[in-house]
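**Student:** Coordinates in work_24.cif, mmCIF, C-alpha atoms, are listed below.
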```
data_final
#
loop_
_atom_site.group_PDB
_atom_site.id
_atom_site.type_symbol
_atom_site.label_atom_id
_atom_site.label_comp_id
_atom_site.auth_asym_id
_atom_site.auth_seq_id
_atom_site.Cartn_x
_atom_site.Cartn_y
_atom_site.Cartn_z
ATOM 1 C CA MET A 679 58.048 26.490 -18.319
ATOM 2 C CA ASN A 680 55.409 26.687 -15.603
ATOM 3 C CA VAL A 681 55.504 29.504 -13.111
ATOM 4 C CA ARG A 682 55.671 28.019 -9.637
ATOM 5 C CA GLN A 683 53.601 29.380 -6.796
ATOM 6 C CA ILE A 684 54.399 29.910 -3.142
ATOM 7 C CA LEU A 685 51.879 27.878 -1.177
ATOM 8 C CA GLN A 686 50.290 29.211 2.013
ATOM 9 C CA LEU A 687 50.962 27.334 5.233
ATOM 10 C CA THR A 688 48.151 25.751 7.178
ATOM 11 C CA ARG A 689 48.413 26.304 10.904
ATOM 12 C CA ALA A 690 47.652 24.235 13.984
ATOM 13 C CA GLY A 691 43.890 24.143 14.396
ATOM 14 C CA ASN A 692 43.234 23.648 10.671
ATOM 15 C CA PRO A 693 41.469 20.238 10.445
ATOM 16 C CA ILE A 694 43.573 19.073 7.457
ATOM 17 C CA LEU A 695 46.595 18.744 9.758
ATOM 18 C CA ARG A 696 44.736 16.051 11.715
ATOM 19 C CA GLU A 697 43.543 14.012 8.726
ATOM 20 C CA VAL A 698 45.141 10.879 7.321
ATOM 21 C CA MET A 699 46.018 11.818 3.742
ATOM 22 C CA PRO A 700 44.946 9.617 0.829
ATOM 23 C CA GLN A 701 47.686 7.467 -0.691
ATOM 24 C CA LEU A 702 48.653 8.052 -4.313
ATOM 25 C CA SER A 703 48.799 5.389 -7.013
ATOM 26 C CA ARG A 704 51.796 5.282 -9.359
ATOM 27 C CA GLN A 705 49.595 6.828 -12.067
ATOM 28 C CA GLU A 706 48.589 9.648 -9.715
ATOM 29 C CA ILE A 707 52.230 10.215 -8.691
ATOM 30 C CA LEU A 708 53.221 10.639 -12.340
ATOM 31 C CA SER A 709 50.259 12.890 -13.141
ATOM 32 C CA GLU A 710 50.750 16.503 -14.127
ATOM 33 C CA GLU A 711 48.774 17.561 -11.043
ATOM 34 C CA ALA A 712 50.985 15.698 -8.538
ATOM 35 C CA GLN A 713 54.171 16.794 -10.318
ATOM 36 C CA GLY A 714 52.946 20.395 -10.095
ATOM 37 C CA VAL A 715 52.275 20.002 -6.358
ATOM 38 C CA ILE A 716 55.796 18.620 -5.859
ATOM 39 C CA ALA A 717 57.320 21.525 -7.801
ATOM 40 C CA ASP A 718 55.252 24.066 -5.842
ATOM 41 C CA ILE A 719 56.197 22.532 -2.471
ATOM 42 C CA ARG A 720 59.886 22.550 -3.463
ATOM 43 C CA HIS A 721 59.595 26.150 -4.657
ATOM 44 C CA THR A 722 57.851 27.139 -1.415
ATOM 45 C CA CYS A 723 60.538 25.442 0.720
ATOM 46 C CA GLN A 724 63.371 27.115 -1.178
ATOM 47 C CA THR A 725 61.806 30.558 -1.452
ATOM 48 C CA GLU A 726 60.498 30.799 2.095
ATOM 49 C CA GLN A 727 63.380 28.795 3.617
ATOM 50 C CA TYR A 728 60.977 26.569 5.550
ATOM 51 C CA GLY A 729 63.511 24.407 7.287
ATOM 52 C CA VAL A 730 64.196 20.855 6.162
ATOM 53 C CA GLY A 731 60.815 19.555 5.060
ATOM 54 C CA LEU A 732 57.290 20.416 4.104
ATOM 55 C CA ALA A 733 54.305 18.083 3.790
ATOM 56 C CA ALA A 734 51.351 18.510 1.439
ATOM 57 C CA PRO A 735 48.797 18.912 4.266
ATOM 58 C CA GLN A 736 50.935 21.755 5.651
ATOM 59 C CA VAL A 737 50.030 23.698 2.514
ATOM 60 C CA GLY A 738 46.400 22.570 2.411
ATOM 61 C CA ILE A 739 46.804 19.722 -0.087
ATOM 62 C CA ARG A 740 45.216 16.337 0.650
ATOM 63 C CA GLN A 741 47.956 14.041 -0.606
ATOM 64 C CA ALA A 742 50.307 11.682 1.238
ATOM 65 C CA MET A 743 53.509 13.420 0.205
ATOM 66 C CA SER A 744 56.307 15.491 1.675
ATOM 67 C CA VAL A 745 59.460 17.102 0.364
ATOM 68 C CA ILE A 746 62.567 16.649 2.506
ATOM 69 C CA ALA A 747 65.437 19.047 1.797
ATOM 70 C CA ILE A 748 68.261 18.501 4.282
ATOM 71 C CA LYS A 749 71.551 20.124 3.396
ATOM 72 C CA PRO A 750 74.591 21.231 5.383
ATOM 73 C CA THR A 751 74.437 24.817 6.653
ATOM 74 C CA PRO A 752 77.027 27.142 8.178
ATOM 75 C CA ASN A 753 75.554 26.378 11.635
ATOM 76 C CA ARG A 754 75.299 22.624 10.941
ATOM 77 C CA PRO A 755 78.029 21.689 8.435
ATOM 78 C CA ASP A 756 77.866 18.023 9.512
ATOM 79 C CA LEU A 757 74.331 17.473 8.166
ATOM 80 C CA GLU A 758 73.978 14.677 5.640
ATOM 81 C CA LEU A 759 72.578 15.823 2.286
ATOM 82 C CA PHE A 760 69.159 14.209 1.825
ATOM 83 C CA GLU A 761 66.811 15.739 -0.720
ATOM 84 C CA GLN A 762 63.896 13.448 -1.413
ATOM 85 C CA VAL A 763 60.215 13.495 -2.221
ATOM 86 C CA ILE A 764 58.508 10.933 -0.003
ATOM 87 C CA ILE A 765 55.096 9.754 -1.167
ATOM 88 C CA ASN A 766 52.958 7.317 0.851
ATOM 89 C CA PRO A 767 55.721 7.249 3.502
ATOM 90 C CA SER A 768 55.759 4.837 6.415
ATOM 91 C CA TYR A 769 58.329 3.797 8.984
ATOM 92 C CA GLU A 770 59.027 1.329 11.765
ATOM 93 C CA GLY A 771 61.217 2.417 14.642
ATOM 94 C CA ILE A 772 64.353 0.462 15.519
ATOM 95 C CA GLY A 773 65.240 0.472 19.220
ATOM 96 C CA GLU A 774 63.689 2.837 21.738
ATOM 97 C CA PRO A 775 62.623 6.416 21.005
ATOM 98 C CA ASN A 776 64.178 9.330 22.861
ATOM 99 C CA GLY A 777 63.619 13.066 23.063
ATOM 100 C CA LYS A 778 64.870 15.095 20.112
ATOM 101 C CA TRP A 779 64.414 18.838 19.683
ATOM 102 C CA GLU A 780 62.111 19.899 16.900
ATOM 103 C CA GLY A 781 59.730 22.586 15.802
ATOM 104 C CA CYS A 782 57.211 22.920 13.000
ATOM 105 C CA MET A 783 56.125 25.734 10.699
ATOM 106 C CA SER A 784 52.508 24.721 11.327
ATOM 107 C CA VAL A 785 52.992 25.501 15.025
ATOM 108 C CA GLY A 786 54.277 29.068 14.905
ATOM 109 C CA SER A 787 56.716 31.202 12.966
ATOM 110 C CA GLY A 788 59.746 33.372 13.667
ATOM 111 C CA ASP A 789 60.312 33.833 17.400
ATOM 112 C CA ASP A 790 56.827 32.394 17.989
ATOM 113 C CA LEU A 791 57.752 28.983 16.553
ATOM 114 C CA LEU A 792 57.195 26.322 19.203
ATOM 115 C CA TYR A 793 59.946 23.795 19.997
ATOM 116 C CA GLY A 794 59.902 20.730 22.200
ATOM 117 C CA GLN A 795 61.555 17.355 22.648
ATOM 118 C CA ALA A 796 59.584 14.907 20.527
ATOM 119 C CA GLU A 797 60.042 11.176 21.069
ATOM 120 C CA ARG A 798 61.809 9.913 17.941
ATOM 121 C CA PHE A 799 63.772 6.843 16.930
ATOM 122 C CA ASP A 800 67.474 7.203 16.131
ATOM 123 C CA GLU A 801 67.047 4.618 13.392
ATOM 124 C CA ILE A 802 64.042 3.574 11.316
ATOM 125 C CA GLU A 803 63.114 1.235 8.507
ATOM 126 C CA ALA A 804 61.495 3.632 6.046
ATOM 127 C CA GLU A 805 59.372 2.979 2.968
ATOM 128 C CA TRP A 806 58.193 5.468 0.361
ATOM 129 C CA PHE A 807 57.730 6.193 -3.316
ATOM 130 C CA ASP A 808 59.635 9.022 -4.973
ATOM 131 C CA GLU A 809 58.333 11.516 -7.543
ATOM 132 C CA PHE A 810 59.113 9.036 -10.346
ATOM 133 C CA GLY A 811 56.897 6.378 -8.773
ATOM 134 C CA GLU A 812 59.918 4.322 -7.695
ATOM 135 C CA TYR A 813 59.619 2.345 -4.454
ATOM 136 C CA HIS A 814 62.282 2.735 -1.741
ATOM 137 C CA LYS A 815 62.887 0.765 1.446
ATOM 138 C CA ARG A 816 65.901 1.815 3.502
ATOM 139 C CA ILE A 817 67.282 1.950 6.986
ATOM 140 C CA LEU A 818 67.673 5.632 7.858
ATOM 141 C CA GLY A 819 69.514 7.013 10.842
ATOM 142 C CA GLY A 820 70.379 10.234 12.613
ATOM 143 C CA PHE A 821 68.888 13.525 11.512
ATOM 144 C CA VAL A 822 67.539 12.038 8.269
ATOM 145 C CA ALA A 823 65.521 9.486 10.292
ATOM 146 C CA HIS A 824 64.335 12.279 12.608
ATOM 147 C CA VAL A 825 63.053 14.436 9.733
ATOM 148 C CA PHE A 826 61.534 11.457 7.894
ATOM 149 C CA GLN A 827 59.478 10.577 10.995
ATOM 150 C CA HIS A 828 58.265 14.179 11.346
ATOM 151 C CA GLU A 829 57.245 14.420 7.672
ATOM 152 C CA ALA A 830 55.672 10.947 7.524
ATOM 153 C CA ASP A 831 53.672 11.776 10.654
ATOM 154 C CA HIS A 832 52.277 14.883 8.926
ATOM 155 C CA VAL A 833 50.559 12.764 6.265
ATOM 156 C CA ASN A 834 48.999 10.682 9.040
ATOM 157 C CA GLY A 835 47.489 13.601 10.962
ATOM 158 C CA VAL A 836 50.161 13.641 13.664
ATOM 159 C CA LEU A 837 51.923 16.829 14.774
ATOM 160 C CA PHE A 838 55.229 16.871 16.628
ATOM 161 C CA VAL A 839 53.458 18.179 19.750
ATOM 162 C CA ASP A 840 51.709 14.781 19.930
ATOM 163 C CA LYS A 841 55.121 13.126 20.294
ATOM 164 C CA VAL A 842 56.305 15.369 23.161
ATOM 165 C CA ARG A 843 56.046 13.401 26.408
ATOM 166 C CA ASP A 844 57.731 15.982 28.672
ATOM 167 C CA THR A 845 55.704 19.142 28.131
ATOM 168 C CA THR A 846 58.164 21.131 30.264
ATOM 169 C CA THR A 847 60.484 21.058 27.222
ATOM 170 C CA PHE A 848 58.161 23.308 25.204
ATOM 171 C CA MET A 849 59.761 26.669 24.458
ATOM 172 C CA MET A 850 59.519 29.419 21.902
ATOM 173 C CA ALA A 851 62.144 29.828 19.150
ATOM 174 C CA ASP A 852 63.970 32.763 20.726
ATOM 175 C CA GLU A 853 64.391 30.817 23.989
ATOM 176 C CA TYR A 854 65.368 27.680 22.033
ATOM 177 C CA ARG A 855 68.131 29.608 20.239
ATOM 178 C CA LYS A 856 69.419 31.088 23.525
ATOM 179 C CA ARG A 857 69.239 27.950 25.648
ATOM 180 C CA ILE A 858 69.657 24.989 23.294
ATOM 181 C CA VAL A 859 71.356 26.093 20.077
ATOM 182 C CA LYS A 860 73.887 28.184 21.994
ATOM 183 C CA ARG A 861 74.629 25.199 24.278
ATOM 184 C CA GLU A 862 75.045 22.797 21.327
ATOM 185 C CA SER A 863 77.391 25.152 19.400
#
```
Would you kindly transcribe this structure into structure tokens?
**Tutor:**
Amino acid sequence: MNVRQILQLTRAGNPILREVMPQLSRQEILSEEAQGVIADIRHTCQTEQYGVGLAAPQVGIRQAMSVIAIKPTPNRPDLELFEQVIINPSYEGIGEPNGKWEGCMSVGSGDDLLYGQAERFDEIEAEWFDEFGEYHKRILGGFVAHVFQHEADHVNGVLFVDKVRDTTTFMMADEYRKRIVKRES
């Protein structure tokens, strides 16, 4: 059994976060290298508790892949379970986008994590390959659609701050918890 490693986060300002990542062929997806990257990203997410998703460029890897790991929590028991590797992801929005709160581990950490209302679609038509090289095309909605958009954007060099139209919504994590999470509870 391979020992998994915790990957180091890349931070805003690192050029890899602004690059469009190369797509992977089915052969590349099934390769030992790509499977190791997937396992390391999963291990990093679980060990470091990095929220609900982590993209390869966020850990300095030039591949069009992300790991999404949404599960219900004590604070959000209504979350739909969605654990999926998304490779070569793309999406088309359905309807009009609206402001949704989000943050990103590449744009701060702890109380210095930046939050803002990013323009996101409530529903999307999503396409991706999974870690077995299987193609998926589905309509996704709600929080799953929100996270999918965020993670798919990462592999296209887009950060959530690019999707924030009302910059007065930017706030640090401690303020977000006091003003927004408290209000939504």
**Student:** Can you translate the PyMOL selection byres ((chain A and resi 783-797) around 10) into the concrete residues it hits in this file, as an MDAnalysis selection string?
**Tutor:** chainID A and resid 687:692 695 728:729 731:732 735:737 774:782 798:800 824 828 837:855
**Student:** May I have a table of the residues of stretch 759-824 of chain A lying at most 9 Å from stretch 704-716 of chain A, giving each one's closest pair of atoms and their distance in Å to one decimal, counting all atoms listed in the file, ordered by chain and ascending residue number, as a Markdown table?
**Tutor:**
```
| residue | atom | partner | partner_atom | distance |
| --- | --- | --- | --- | --- |
| A:Val763 | CA | A:Ile716 | CA | 7.7 |
| A:Ile765 | CA | A:Ile707 | CA | 8.1 |
| A:Phe807 | CA | A:Arg704 | CA | 8.5 |
| A:Asp808 | CA | A:Ile707 | CA | 8.4 |
| A:Glu809 | CA | A:Ile707 | CA | 6.3 |
| A:Phe810 | CA | A:Leu708 | CA | 6.4 |
| A:Gly811 | CA | A:Arg704 | CA | 5.3 |
| A:Glu812 | CA | A:Arg704 | CA | 8.3 |
```
**Student:** Figure out the distance between atom CA of A:Glu829 and atom CA of A:His814, please, to one decimal in Å.
**Tutor:**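 Taking atom CA of A:His814 and atom CA of A:Glu829, their separation equals 15.8 Å.
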**Student:** Let me have the centre and edge lengths of the axis-aligned box enclosing all listed atoms of stretch 724-730 of chain A with 3 Å padding on every side, in Å to one decimal, as lines of an AutoDock Vina configuration file.
**Tutor:**
```
center_x = 62.3
center_y = 25.8
center_z = 2.9
size_x = 9.7
size_y = 15.9
size_z = 14.7
```
**Student:** Which residue out of A:Gly820, A:Pro700, A:Pro755, A:Gly738 has the minimum interatomic distance to A:Leu685 when all atoms listed in the file are used?
**Tutor:**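 Using all atoms listed in the file, A:Leu685 sits closest to A:Gly738.
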**Student:** Any chance you could work out the residue set of the PyMOL selection byres ((chain A and resi 697) around 8) here, as an MDAnalysis selection string?
**Tutor:** chainID A and resid 693:696 698:699 833:835
**Student:** Using C-alpha atoms, can you write the selected residues to a file as a CSV table (one decimal), in the frame of the given file?
**Tutor:**
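The resulting selection-v9.csv:
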```csv
chain,number,residue,atom,x,y,z
A,693,PRO,CA,41.5,20.2,10.4
A,694,ILE,CA,43.6,19.1,7.5
A,695,LEU,CA,46.6,18.7,9.8
A,696,ARG,CA,44.7,16.1,11.7
A,698,VAL,CA,45.1,10.9,7.3
A,699,MET,CA,46.0,11.8,3.7
A,833,VAL,CA,50.6,12.8,6.3
A,834,ASN,CA,49.0,10.7,9.0
A,835,GLY,CA,47.5,13.6,11.0
```
**Student:** Give me, please, the distance in Å between atom CA of A:Ala734 and atom CA of A:Glu803, quoted to one decimal.
**Tutor:** 22.1 Å
**Student:** Can I get stretch 823-846 of chain A with N, CA and C atoms filled in, as a PDB file, in the coordinates of the input?
**Tutor:**
```
ATOM      1  N   ALA A 823      66.606  10.284   9.696  1.00  0.00           N
ATOM      2  CA  ALA A 823      65.521   9.486  10.292  1.00  0.00           C
ATOM      3  C   ALA A 823      64.573  10.383  11.089  1.00  0.00           C
ATOM      4  N   HIS A 824      65.128  11.343  11.806  1.00  0.00           N
ATOM      5  CA  HIS A 824      64.335  12.279  12.608  1.00  0.00           C
ATOM      6  C   HIS A 824      63.374  13.057  11.710  1.00  0.00           C
ATOM      7  N   VAL A 825      63.882  13.636  10.636  1.00  0.00           N
ATOM      8  CA  VAL A 825      63.053  14.436   9.733  1.00  0.00           C
ATOM      9  C   VAL A 825      62.042  13.551   9.008  1.00  0.00           C
ATOM     10  N   PHE A 826      62.456  12.372   8.577  1.00  0.00           N
ATOM     11  CA  PHE A 826      61.534  11.457   7.894  1.00  0.00           C
ATOM     12  C   PHE A 826      60.330  11.156   8.790  1.00  0.00           C
ATOM     13  N   GLN A 827      60.574  10.869  10.071  1.00  0.00           N
ATOM     14  CA  GLN A 827      59.478  10.577  10.995  1.00  0.00           C
ATOM     15  C   GLN A 827      58.522  11.760  11.091  1.00  0.00           C
ATOM     16  N   HIS A 828      59.073  12.961  11.238  1.00  0.00           N
ATOM     17  CA  HIS A 828      58.265  14.179  11.346  1.00  0.00           C
ATOM     18  C   HIS A 828      57.384  14.348  10.105  1.00  0.00           C
ATOM     19  N   GLU A 829      57.989  14.210   8.927  1.00  0.00           N
ATOM     20  CA  GLU A 829      57.245  14.420   7.672  1.00  0.00           C
ATOM     21  C   GLU A 829      56.244  13.301   7.407  1.00  0.00           C
ATOM     22  N   ALA A 830      56.607  12.061   7.702  1.00  0.00           N
ATOM     23  CA  ALA A 830      55.672  10.947   7.524  1.00  0.00           C
ATOM     24  C   ALA A 830      54.492  11.091   8.488  1.00  0.00           C
ATOM     25  N   ASP A 831      54.761  11.560   9.693  1.00  0.00           N
ATOM     26  CA  ASP A 831      53.672  11.776  10.654  1.00  0.00           C
ATOM     27  C   ASP A 831      52.677  12.802  10.127  1.00  0.00           C
ATOM     28  N   HIS A 832      53.177  13.850   9.454  1.00  0.00           N
ATOM     29  CA  HIS A 832      52.277  14.883   8.926  1.00  0.00           C
ATOM     30  C   HIS A 832      51.201  14.296   8.009  1.00  0.00           C
ATOM     31  N   VAL A 833      51.555  13.317   7.196  1.00  0.00           N
ATOM     32  CA  VAL A 833      50.559  12.764   6.265  1.00  0.00           C
ATOM     33  C   VAL A 833      49.602  11.795   6.958  1.00  0.00           C
ATOM     34  N   ASN A 834      49.872  11.544   8.240  1.00  0.00           N
ATOM     35  CA  ASN A 834      48.999  10.682   9.040  1.00  0.00           C
ATOM     36  C   ASN A 834      48.273  11.456  10.136  1.00  0.00           C
ATOM     37  N   GLY A 835      48.241  12.778  10.016  1.00  0.00           N
ATOM     38  CA  GLY A 835      47.489  13.601  10.962  1.00  0.00           C
ATOM     39  C   GLY A 835      48.130  13.767  12.325  1.00  0.00           C
ATOM     40  N   VAL A 836      49.438  13.548  12.398  1.00  0.00           N
ATOM     41  CA  VAL A 836      50.161  13.641  13.664  1.00  0.00           C
ATOM     42  C   VAL A 836      51.098  14.848  13.614  1.00  0.00           C
ATOM     43  N   LEU A 837      51.010  15.694  14.642  1.00  0.00           N
ATOM     44  CA  LEU A 837      51.923  16.829  14.774  1.00  0.00           C
ATOM     45  C   LEU A 837      52.999  16.501  15.802  1.00  0.00           C
ATOM     46  N   PHE A 838      54.134  17.182  15.711  1.00  0.00           N
ATOM     47  CA  PHE A 838      55.229  16.871  16.628  1.00  0.00           C
ATOM     48  C   PHE A 838      54.814  17.053  18.087  1.00  0.00           C
ATOM     49  N   VAL A 839      53.892  17.962  18.358  1.00  0.00           N
ATOM     50  CA  VAL A 839      53.458  18.179  19.750  1.00  0.00           C
ATOM     51  C   VAL A 839      52.827  16.918  20.337  1.00  0.00           C
ATOM     52  N   ASP A 840      52.289  16.049  19.475  1.00  0.00           N
ATOM     53  CA  ASP A 840      51.709  14.781  19.930  1.00  0.00           C
ATOM     54  C   ASP A 840      52.787  13.815  20.407  1.00  0.00           C
ATOM     55  N   LYS A 841      54.009  14.019  19.967  1.00  0.00           N
ATOM     56  CA  LYS A 841      55.121  13.126  20.294  1.00  0.00           C
ATOM     57  C   LYS A 841      55.937  13.629  21.481  1.00  0.00           C
ATOM     58  N   VAL A 842      55.584  14.805  22.020  1.00  0.00           N
ATOM     59  CA  VAL A 842      56.305  15.369  23.161  1.00  0.00           C
ATOM     60  C   VAL A 842      55.713  14.775  24.439  1.00  0.00           C
ATOM     61  N   ARG A 843      56.511  14.015  25.163  1.00  0.00           N
ATOM     62  CA  ARG A 843      56.046  13.401  26.408  1.00  0.00           C
ATOM     63  C   ARG A 843      56.289  14.329  27.603  1.00  0.00           C
ATOM     64  N   ASP A 844      57.393  15.064  27.581  1.00  0.00           N
ATOM     65  CA  ASP A 844      57.731  15.982  28.672  1.00  0.00           C
ATOM     66  C   ASP A 844      57.376  17.398  28.231  1.00  0.00           C
ATOM     67  N   THR A 845      56.188  17.832  28.590  1.00  0.00           N
ATOM     68  CA  THR A 845      55.704  19.142  28.131  1.00  0.00           C
ATOM     69  C   THR A 845      56.492  20.304  28.725  1.00  0.00           C
ATOM     70  N   THR A 846      57.330  20.047  29.734  1.00  0.00           N
ATOM     71  CA  THR A 846      58.164  21.131  30.264  1.00  0.00           C
ATOM     72  C   THR A 846      59.274  21.504  29.289  1.00  0.00           C
TER      73      THR A 846
END
```
